[in-house]
Amino acid sequence: MSEVKKPVFQPNPQFAATARIKNMDEYLALQKMAEEDYEGFWDKFAKEKIDWIKPYTQVLDESDTPFCKWFVNGKLNVTHQCIDRHLATRKDKAAIIFEGDRGDKQTITYLELSHSVNKFANLLKNDFGVKKGDRVVIYMPMIPEAAYAMLACARIGAIHSIVFGGFSSEALKDRIEDADAKVVITADGAFRKGKPYMLKSVVDEALSQKSPVQKVLVVQRNNEEITWIAGRDYSYNELIKNQSNECEAEVMDSEDPLFLLYTSGSTGKPKGVQHNTAGYILWAQMTMEWVFDVKENDIYWCTADIGWITGHTYIVYGPLAMGATTVMFEGVPTYPDAGRPWKMVEEYKINQFYTAPTAIRVLHKTGENEPAKYDLSSLKVLGTVGEPIDPPAWKWYYEAVGGSKCAIVDTYWQTETGGHIISPLPGATPMKPGCATFPLPGIMGEILDPQTGQKVGLGESGYMCITRPWPAMIRGVWGDPQRFVKAYFGDIKKEGKAVYFTGDGAHYDEDGYITITGRTDDVINVSGHRLGTAEVEAACAKHPNVAEVAVVGKPHALKGEGIFAYIMMKDEVPFGEEIEMAKEINKVIIQEIGNFATCDDIVFVPGLPKTRSGKIMRRILRSIAKGEAITQDISTLEDPSIVATIEAKVKG
Ligand code: PRX
């Protein structure tokens with residue numbers, strides 16, 4: 001395959017001179033070190049980076065692969081790594097800078113963070129009886145108390161499971177039940193686009209039937225009227241007043257679980273991805289240092305929500321582990337206008353800015369000339385995450401936002417990988433728009449041929465795999481070890497050994513650069529939010545008149561992918577009532593999953609293209625949604641004529 005050579009953008013020599021990894025030779029030397037002595041490589045960094053309570057006795061135990069153990073018998077506490085160890089030198093340094101949707105501001109120093117987390121931890125332990133290993137669900141807006149809640153759990157060894165605030169009560173209920181959580185931490189509400197919205201009522205609904213939850217802690221953020229259930233609901237603002245600033249950190253084993261985070265797969269219900277203590281925090285810190293190259297006085301801002309893995313690793317754990325200042329923002333980037341992020345960059349003198357391609361596309365479309373109105377000269381590194389970034393968005397980001405002088409780090413990773421796995425290094429990697437470039441040192445990332453398990457050649461496509469365990473990898477699917485093995489180690493074998501398959505397709509270009517081409521399974525990526533088509537189908541099917549449904553992804557100019565549903569109703573939708581019916585179905589999706597999962601297109605069809613054994617041919621439906629000609633053989637379908645009928649409906 002010969003491709004047109006993409007332009008290459010060299011790292012800015014001014015920043016590269018002081019970067020942690022300064023050039024490709026240094027990168028290659030680190031990679032070589034990992035290849036030649038894998039355990040030695042991780043041993044060096046684990047010793048150098050982590051403040052151990054008790055050292056580990058073995059770097060990696062692969063005896064029960066794919067269930068691996070890292071830093072065996074080591075003892076530590078993540079909050080010691082993220083807070084206590086900084087107090088000697090950074091107690092007055094800003095740990096978190098918070099900006100609310102309506103412009104309210106708060107700076108929290110490391111000492112203040114320590115006090116807030118310890119008080120919160122005492123509250124959970126003493127007033128709520130939370131113990132090591134208990135699951136605590138956090139359903140919170142983007143306010144500092146959300147970070148305190150996560151760290152308070154980590155302080156006492158409880159396992160947090162954050163549910164993104166955009167999820168519905170049904171989705172929240174499922175996650176609470178699967179994790180068997182005994183406590184929910186929430187807020188009365190928060191602010192979005194200048195207006196208050198409510199969260200507590202969603203929790204009330206989620207807990208309205210039998211639930212494992214015994215206590216609910218409510219942070220009063222917007223002070224709207226809410227329902228309080230006596231004996232279950234408690235005010236954080238009241239209880240926190242009586243707590244002590246001191247709380248001894250629980251001694252955690254390297255492999256004690258730190259958190260669960262539910263994510264979508266191609267089949268079934270979302271799975272609780274489990275991350276454990278030592279490996280996760282080590283890689284969160286190492287990638288923060290290498291990929292964002294944050295310096296002692298830098299101000300770093302990641303715009304993600306803490307409800308997703310990016311918020312976990314790159315708003316809270318990573319920045320705090322390295323002692324950085326992390327900006328936390330409650331609002332949306334386009335409110336009050338599309339200059340909001342750039343105004344904040346100017347005001348806080350942000351040095352590293354990390355966001356999703358969807359946000360870049362929206363900011364480009366709605367405020368192309370906004371960056372020029374602000375002083376963005378503080379910026380050094382611009383990051384993207386969550387979906388492939390298209391070259392036009394990359395170019396605007398690089399030129400208009402970064403002034404053609406910043407590194408663009410197109411970070412490829414997943415909930416399961418814990419931290420970045422493929423990314424340019426800001427001081428070293430010559431960049432190509434749309435390319436995640438190369439695996440980070442220590443990550444054995446390879447594009448394999450799914451049939452042979454061999455690495456594909458330059459210019460070839462295959463499946464993105466990781467051929468050795470790495471410290472921050474998923475440790476399990478909560479409550480379902482078999483699903484863990486099947487979902488990640490079932491598909492591809494290299495030299496007879498099952499390897500981790502990401503679910504993404506990828507290819508090497510002629511220079512060996514990696515481009516991620518997207519999911520090969522039934523997972524869709526809507527505005528960087530990961531959804532299983534099966535989940536959306538199950539939600540649609542809750543509508544009483546839906547007989548059958550098939551959902552596929554369709555390219556979308558702003559969201560990356562949009563959701564396209566083909567629905568067969570029990571009773572035909574009368575002519576002229578399709579739009580109303582589509583709205584009704586989207587309402588059901590909002591109830592079952594949340595607003596962000598609504599369908600962009602709903603087409604009512606008299607049947608679905610099925611094989612004679614009853615399997616829905618999604619590839620055909622994907623082609624129809626994209627308006628592509630059907631090239632597949634349809635003669636073996638149960639009813640080949642249905643294809644033309646559906647095509648006509650879609651065109652109509
Ligand atoms: O398809 C890949 C895409 O997002 C998926 C992971 O989604 P999630 O677990 O929600 O985590 C998102 C934040 C890390 C991947 O399987 N993805 C993520 N980053 C990129 C990407 N696709 C292309 N380029 C990226 N930089």
# chains A, B, ... in the order shown; residues from 1 in each chain; ligands from 1

$ residues_near_ligand --ligand "ligand 1" --cutoff "9 Å" --atoms "only C-alpha atoms and all ligand atoms" --output "PyMOL selection string"
chain A and resi 263-264+308-311+356-357+384-389+409-420+422-423+434-436+502-505+515-520+523-525+528-531

$ select_by_dssp --residues "stretch 168-405 of chain A" --states "strand (DSSP E or B)" --output "ChimeraX atom specification"
/A:183-187,189-192,195-198,215-219,233-235,252-253,257-263,271-276,299-302,325-329,352-355,381-385

$ residues_around --residues "A:Tyr566" --least-positions-apart "4" --cutoff "7 Å" --atoms "only C-alpha atoms" --output "PyMOL selection string"
chain A and resi 549-551+602-605

$ write_last_selection --atoms "N, CA, C and O atoms" --output "compact mmCIF listing (two decimals), in the first residue's frame"
# COMPACT_ATOMS: atom_id res chain seq x y z
N VAL A 549 -34.73 -4.30 16.62
CA VAL A 549 -33.95 -3.11 16.35
C VAL A 549 -32.49 -3.48 16.08
O VAL A 549 -31.96 -4.42 16.68
N ALA A 550 -31.88 -2.74 15.17
CA ALA A 550 -30.44 -2.89 14.93
C ALA A 550 -29.83 -1.49 14.88
O ALA A 550 -30.36 -0.60 14.22
N VAL A 551 -28.74 -1.32 15.61
CA VAL A 551 -28.11 -0.01 15.72
C VAL A 551 -26.70 -0.08 15.14
O VAL A 551 -25.97 -1.05 15.39
N ILE A 602 -33.36 7.63 13.08
CA ILE A 602 -34.17 6.44 13.34
C ILE A 602 -35.00 6.20 12.08
O ILE A 602 -35.70 7.09 11.61
N VAL A 603 -34.85 5.01 11.54
CA VAL A 603 -35.62 4.68 10.33
C VAL A 603 -36.49 3.47 10.65
O VAL A 603 -36.00 2.47 11.18
N PHE A 604 -37.79 3.60 10.37
CA PHE A 604 -38.71 2.49 10.64
C PHE A 604 -38.75 1.60 9.40
O PHE A 604 -38.98 2.08 8.28
N VAL A 605 -38.44 0.33 9.62
CA VAL A 605 -38.32 -0.59 8.49
C VAL A 605 -39.27 -1.78 8.68
O VAL A 605 -39.61 -2.13 9.82

$ residues_around --residues "A:Arg619" --least-positions-apart "6" --cutoff "10 Å" --atoms "only C-alpha atoms" --output "list in words"
Val552, Pro609, Ala625, Ile630 and Gln632 of chain A

$ write_last_selection --atoms "N, CA and C atoms" --output "compact mmCIF listing (two decimals), in the first residue's frame"
# COMPACT_ATOMS: atom_id res chain seq x y z
N VAL A 552 -26.34 0.91 14.35
CA VAL A 552 -24.97 0.99 13.83
C VAL A 552 -24.44 2.42 13.99
N PRO A 609 -32.16 -7.10 7.47
CA PRO A 609 -31.47 -8.10 6.64
C PRO A 609 -30.84 -9.18 7.51
N ALA A 625 -26.45 3.08 5.93
CA ALA A 625 -26.45 4.31 6.74
C ALA A 625 -25.48 5.33 6.15
N ILE A 630 -24.04 -1.23 -1.91
CA ILE A 630 -23.90 -2.54 -1.26
C ILE A 630 -23.05 -3.45 -2.14
N GLN A 632 -21.69 -6.36 -0.68
CA GLN A 632 -21.76 -7.72 -0.13
C GLN A 632 -22.73 -8.58 -0.93

$ residues_around --residues "stretch 44-50 of chain A" --least-positions-apart "3" --cutoff "10 Å" --atoms "only C-alpha atoms" --output "list in words"
Glu39, Gly40, Phe41, Ile53, Pro55, Tyr56, Val59, Phe71, Leu76, Asn77, Val78, His80, Gln81, Ala278, Gly279, Ile281, Leu282, Trp283, Gln285, Met286, Ala321, Met322 and Pro471 of chain A

$ atom_distance --atom1 "atom CA of A:Cys153" --atom2 "atom CA of A:Tyr317"
12.8 Å

$ residues_around --residues "stretch 483-492 of chain A" --least-positions-apart "5" --cutoff "9 Å" --atoms "only C-alpha atoms" --output "list in words"
Pro66, Phe67, Gly265, Ser266, Lys271, Val273, Leu448, Asp449, Pro450, Gln451, Thr452, Gly453, Tyr463, Cys465, Ile474, Arg475, Gly476, Val477, Trp478, Lys497, Ala498, Val499, Tyr500, Phe501, Thr502 and Gly503 of chain A

$ write_last_selection --atoms "N, CA, C and O atoms" --output "short mmCIF file (atom, residue, chain, number, x, y, z; two decimals), in the first residue's frame"
data_model
loop_
_atom_site.label_atom_id
_atom_site.label_comp_id
_atom_site.auth_asym_id
_atom_site.auth_seq_id
_atom_site.Cartn_x
_atom_site.Cartn_y
_atom_site.Cartn_z
N PRO A 66 -4.00 -14.77 31.96
CA PRO A 66 -3.80 -13.32 31.87
C PRO A 66 -4.06 -12.55 33.16
O PRO A 66 -4.07 -11.32 33.15
N PHE A 67 -4.27 -13.26 34.26
CA PHE A 67 -4.41 -12.55 35.55
C PHE A 67 -3.00 -12.34 36.09
O PHE A 67 -2.39 -13.27 36.61
N GLY A 265 -18.96 -2.72 26.12
CA GLY A 265 -18.30 -3.67 25.23
C GLY A 265 -19.24 -3.95 24.08
O GLY A 265 -20.28 -3.32 23.95
N SER A 266 -18.85 -4.95 23.25
CA SER A 266 -19.69 -5.18 22.08
C SER A 266 -20.92 -6.02 22.44
O SER A 266 -21.89 -6.02 21.71
N LYS A 271 -19.32 -3.43 31.50
CA LYS A 271 -18.54 -4.22 32.45
C LYS A 271 -17.75 -3.32 33.39
O LYS A 271 -17.27 -2.27 33.00
N VAL A 273 -14.69 -2.38 34.82
CA VAL A 273 -13.24 -2.52 34.63
C VAL A 273 -12.55 -2.23 35.96
O VAL A 273 -12.78 -1.18 36.56
N LEU A 448 -1.24 -6.60 14.81
CA LEU A 448 -1.12 -8.00 14.40
C LEU A 448 -2.18 -8.37 13.37
O LEU A 448 -3.27 -7.79 13.35
N ASP A 449 -1.81 -9.36 12.57
CA ASP A 449 -2.78 -9.94 11.65
C ASP A 449 -3.67 -10.86 12.49
O ASP A 449 -3.16 -11.77 13.15
N PRO A 450 -5.00 -10.64 12.47
CA PRO A 450 -5.85 -11.43 13.36
C PRO A 450 -5.83 -12.92 13.04
O PRO A 450 -6.05 -13.74 13.93
N GLN A 451 -5.53 -13.28 11.79
CA GLN A 451 -5.52 -14.70 11.45
C GLN A 451 -4.23 -15.38 11.90
O GLN A 451 -4.24 -16.40 12.56
N THR A 452 -3.10 -14.76 11.54
CA THR A 452 -1.81 -15.44 11.80
C THR A 452 -1.19 -15.05 13.13
O THR A 452 -0.31 -15.75 13.63
N GLY A 453 -1.60 -13.92 13.69
CA GLY A 453 -0.97 -13.45 14.92
C GLY A 453 0.41 -12.84 14.67
O GLY A 453 1.14 -12.51 15.60
N TYR A 463 -4.91 -5.59 13.69
CA TYR A 463 -5.58 -5.32 14.96
C TYR A 463 -4.56 -4.81 15.99
O TYR A 463 -3.48 -5.39 16.12
N CYS A 465 -2.82 -4.59 19.24
CA CYS A 465 -2.69 -5.52 20.38
C CYS A 465 -1.55 -5.08 21.30
O CYS A 465 -0.68 -4.31 20.89
N ILE A 474 -6.00 -3.35 32.94
CA ILE A 474 -7.20 -3.86 33.61
C ILE A 474 -6.85 -5.16 34.35
O ILE A 474 -6.16 -6.02 33.81
N ARG A 475 -7.33 -5.29 35.59
CA ARG A 475 -7.04 -6.51 36.35
C ARG A 475 -8.19 -7.51 36.31
O ARG A 475 -8.04 -8.66 36.67
N GLY A 476 -9.35 -7.02 35.92
CA GLY A 476 -10.47 -7.95 35.87
C GLY A 476 -11.75 -7.22 35.55
O GLY A 476 -11.80 -5.98 35.55
N VAL A 477 -12.78 -8.01 35.21
CA VAL A 477 -14.13 -7.46 35.06
C VAL A 477 -14.82 -7.82 36.37
O VAL A 477 -14.85 -8.99 36.76
N TRP A 478 -15.34 -6.83 37.05
CA TRP A 478 -15.87 -7.02 38.40
C TRP A 478 -16.90 -8.16 38.41
O TRP A 478 -17.88 -8.14 37.66
N LYS A 497 0.32 -17.74 22.04
CA LYS A 497 -0.04 -17.15 23.33
C LYS A 497 -1.08 -16.05 23.15
O LYS A 497 -0.91 -15.17 22.30
N ALA A 498 -2.16 -16.11 23.95
CA ALA A 498 -3.21 -15.10 23.83
C ALA A 498 -2.66 -13.74 24.22
O ALA A 498 -1.97 -13.60 25.24
N VAL A 499 -2.92 -12.73 23.39
CA VAL A 499 -2.45 -11.38 23.71
C VAL A 499 -3.64 -10.45 23.91
O VAL A 499 -4.75 -10.75 23.46
N TYR A 500 -3.41 -9.33 24.56
CA TYR A 500 -4.48 -8.35 24.81
C TYR A 500 -4.86 -7.68 23.49
O TYR A 500 -4.02 -7.09 22.81
N PHE A 501 -6.14 -7.76 23.15
CA PHE A 501 -6.63 -7.09 21.95
C PHE A 501 -7.50 -5.91 22.38
O PHE A 501 -8.42 -6.06 23.18
N THR A 502 -7.16 -4.74 21.83
CA THR A 502 -7.84 -3.51 22.23
C THR A 502 -9.26 -3.38 21.69
O THR A 502 -10.04 -2.60 22.20
N GLY A 503 -9.54 -4.11 20.58
CA GLY A 503 -10.83 -3.91 19.91
C GLY A 503 -10.72 -2.92 18.76
O GLY A 503 -11.68 -2.71 18.04
#

$ select_by_dssp --residues "stretch 120-311 of chain A" --states "alpha helix (DSSP H)" --output "ChimeraX atom specification"
/A:120-122,144-156,169-179,200-206,236-239,277-287,309-311

$ residues_around --residues "A:Arg232" --least-positions-apart "4" --cutoff "10 Å" --atoms "only C-alpha atoms" --output "PyMOL selection string"
chain A and resi 183+213-217+228

$ closest_residue --among "A:Met344, A:Val163, A:Leu111, A:Cys599" --to "A:Leu376" --atoms "only C-alpha atoms"
A:Met344

$ atom_distance --atom1 "atom CA of A:Pro336" --atom2 "atom CA of A:Glu561"
25.8 Å

$ closest_residue --among "A:Asp84, A:Ala190, A:Lys69, A:Pro257" --to "A:Ala158" --atoms "only C-alpha atoms"
A:Pro257

$ closest_residue --among "A:Pro439, A:Gly560, A:Pro430, A:Gly339" --to "A:Asp390" --atoms "only C-alpha atoms"
A:Gly560

$ atom_distance --atom1 "atom CA of A:Phe120" --atom2 "atom CA of A:Pro333"
29.9 Å

$ closest_residue --among "A:Lys131, A:Arg155, A:Lys22, A:Lys32" --to "A:Met444" --atoms "only C-alpha atoms"
A:Lys32

$ decode --residues "stretch 223-237 of chain A" --atoms "C-alpha atoms" --output "short mmCIF file (atom, residue, chain, number, x, y, z; two decimals), in the first residue's frame"
data_model
loop_
_atom_site.label_atom_id
_atom_site.label_comp_id
_atom_site.auth_asym_id
_atom_site.auth_seq_id
_atom_site.Cartn_x
_atom_site.Cartn_y
_atom_site.Cartn_z
CA ASN A 223 -28.76 24.65 47.01
CA GLU A 224 -31.94 23.76 45.20
CA GLU A 225 -34.75 22.14 47.12
CA ILE A 226 -34.26 18.33 47.28
CA THR A 227 -35.94 15.40 48.98
CA TRP A 228 -34.13 14.05 52.05
CA ILE A 229 -34.84 10.51 53.17
CA ALA A 230 -34.32 10.25 56.91
CA GLY A 231 -31.77 7.64 57.95
CA ARG A 232 -30.43 7.33 54.39
CA ASP A 233 -29.51 10.80 53.14
CA TYR A 234 -26.95 13.01 54.87
CA SER A 235 -25.59 16.45 54.10
CA TYR A 236 -21.86 16.49 53.38
CA ASN A 237 -21.75 20.20 54.20
#
